[in-house]
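Asks: Starting off with a structure, shown below.
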2 protein chains.
Amino acid sequence: MAQKVNSTIHEIARHAGVGVGTVSRVLNDSPNVSPTTREHVLKIIAERGYRPKTAAKVLRTSKTHVIGFITDEIATTPFAGNIIRGAQDAAWEQGKILLLVNTNFNADILQAAIETMLDRQVEGIIYATMYHHAVTLPSIIYEVPAVLLDCYAEDRSLPSVVPDEVLGGRTATEQLLHKGHRRIGFINDIDLIPARFSRLEGYQQALAACQIDFDASLVCYHSPQPTGGYQGCMVLMSLPNPPTAIFCFNDRMAMGAYDALRELHLTIPNDVAVIGFDNMDVIAANLRPPLTTMELPHYAMGQWAVNYLIEHTARPATGAPRQAKLACPLIERASI
Amino acid sequence: MAQKVNSTIHEIARHAGVGVGTVSRVLNDSPNVSPTTREHVLKIIAERGYRPKTAAKVLRTSKTHVIGFITDEIATTPFAGNIIRGAQDAAWEQGKILLLVNTNFNADILQAAIETMLDRQVEGIIYATMYHHAVTLPSIIYEVPAVLLDCYAEDRSLPSVVPDEVLGGRTATEQLLHKGHRRIGFINDIDLIPARFSRLEGYQQALAACQIDFDASLVCYHSPQPTGGYQGCMVLMSLPNPPTAIFCFNDRMAMGAYDALRELHLTIPNDVAVIGFDNMDVIAANLRPPLTTMELPHYAMGQWAVNYLIEHTARPATGAPRQAKLACPLIERASI
């Protein structure tokens, strides 16, 4: 990709038939180069462009005001668009523009995206995923300041920002406890992702804080879709001692739980309270009754990633890369 | 933005203290330049970068394999992500990568986005909007091959691809006619956008083809949200002679119409048939019953724009810029 524009110093040296040191001397305006060689090297650079690679810091001080933003599929889903909006607003406030590439989970596009961005001399790269999980990125990402958004490196080698899932699960459960519920069902995600485990931990923390024993029969696992929520709700409501409130892993599952409760002629919130997670556009505010839910901090995570990147491009961080966990705000509507 | 990297030929000339012709001769390897001047100009180019402006075609033949993709807010909404997916798949098939900028309707970001892309020597720019409407773009867009996606220039000065709204409205209405319905309500969008007028035209065409007189009382206008669909449905169903089928301007309005019909204890499709428009992710397939709807050709429009751009960058179009109208596929589910 983009092989025409911007070579590394090694490629310039190879094409000019000189050593890397000579190219470096030409670039640094050192006098120890013959006029002929200097002209030759400059011509090769003019023809091929130049992208500092091993000496990236030299260029980085000359701001391009462009930040690379790579997504797995955020740009094409209804889930996390606010991540992009938050990142962009933060970037634009500082006079910078976001150049996005959506990889659609294609490793070749990811590699090409990073190369294209390095070629175009971005000041840094943010890599954002549709949902919170561990990622492994090509090593080329380490050539430029990088921040992970809604994901993290297994080895914690890069800074990242993710939702505080434990606190989110705890807060959702606490809302139901505050309304007087003591038997609270949890329709959890069947997928083995961080949110599943952490929200369950938060749910258990909230119950424990109220001296309520954990009852495993009140937790079921289904696909994170309306059909999964429908099935989970039917399972919970057929228990000998069914819950009076249900915490749904996401708003889509809550949408299915609404359908199940309607079929069972149970009203929300009088017969059964329902709380969701995501504050998903289109769904949450438009269900009947409007859904009380936990909002994923997409906008705030977008802002955080850009601000952290800009700050630490100017002044590199010391110590281990940081992981920020942002709280999920409660959105109060009419379902609990 | 990005003022450091890539100047125009005029800026190079000004900084080098020579004429534009001299810069051009250096760039074209013409012998009529003294070695000193040549070296000086090449040095300025190496320092500042060079973006051909008036002479864009020179560079365009040296492919960068990057296409700029500017959106108003597609990347941050749940509506039209398939536009990006279609464009990207088409680009990647031809070994090219899409660099996206989302402007969020900010004219300054739009200007900066185009400049940033020209600086980074994209082969062309696609400008895409969230819904079909006329747009006015800054004149700098004409410096590079450009295609409009889901929008068009009022003066038709740029090629564009949009949905065939008339055909979509006609097809939706025909589906209801084929099921035997003769009183068909249309809950239309209150906004004065092309889809409102064109889908109504299609609705009228379909009725006329069946010799059914147009009854203006069967068409109402509401906000294109679930609440608007709910209100519109209530209005139509309270007519002395209510419709037996309802065509909703979009799936969100159909979602509200479902709620209204449920409140009226009317079943779908037995008592009232409902057809939507958009095939919107999350909603359409998950309503009960699943919604029959017209799909906006987002993916196909994305593909079309990229393929047209690549083809006409290689071989410029002759004659007036083309507007392609793509059909909206019928998605059959269980609501009619």
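All residue names refer to the structure tokens as shown: chains lettered A, B, ... in order, residues numbered from 1 in each chain, ligands numbered from 1 in order.
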Can you tell me, as a ChimeraX atom specification, what residues are no more than 12 Å from Leu177 of chain B when counting only C-alpha atoms, ignoring any on the same chain fewer than 5 positions away?

Replies: /B:170-172,182-185,203,205-212,244-247,273,275,336

Asks: Within 12 Å of Ile67 of chain A, counting only C-alpha atoms, which residues show up once you throw out same-chain ones fewer than 6 positions away? Write them as an NGL selection string, please.

Replies: (:A and (60 or 87-88 or 90-92 or 94-101 or 114 or 117-118 or 120-127 or 144-147 or 305-307 or 309-310 or 313)) or (:B and (1-2 or 99-101 or 116))

Asks: Write down as number ranges by chain the residues belonging to segment 136-335 of chain A that are assigned alpha helix (DSSP H) by DSSP computed on the backbone.

Replies: A: 165-178, 194-209, 226-237, 251-263, 298-314

Asks: Please compute the atom CA of His133 of chain B-atom CA of Ile83 of chain A distance, one decimal, in Å.

Replies: 26.0 Å

Asks: List the spatial neighbours of Val161 of chain A as JSON, numbers by chain - criterion: any atom at most 8 Å away, only C-alpha atoms, same-chain residues fewer than 2 positions off excluded.

Replies: {"A": [147, 148, 149, 150, 151, 152, 159, 163, 301, 304, 305, 323, 324, 325, 326]}

Asks: I'd like to know which of B:Thr22, B:Thr136, B:Thr173, B:Gln225 is closest to chain A, using only C-alpha atoms.

Replies: B:Gln225

Asks: Tell me which protein, DNA and RNA residues are within 12 Å of Pro289 of chain A, counting only C-alpha atoms, leaving out same-chain ones fewer than 3 positions away, and put them as a count of residues only.

Replies: 24

Asks: Quick one, how far is atom CA of Arg288 of chain A from atom CA of Leu239 of chain B?

Replies: 24.7 Å
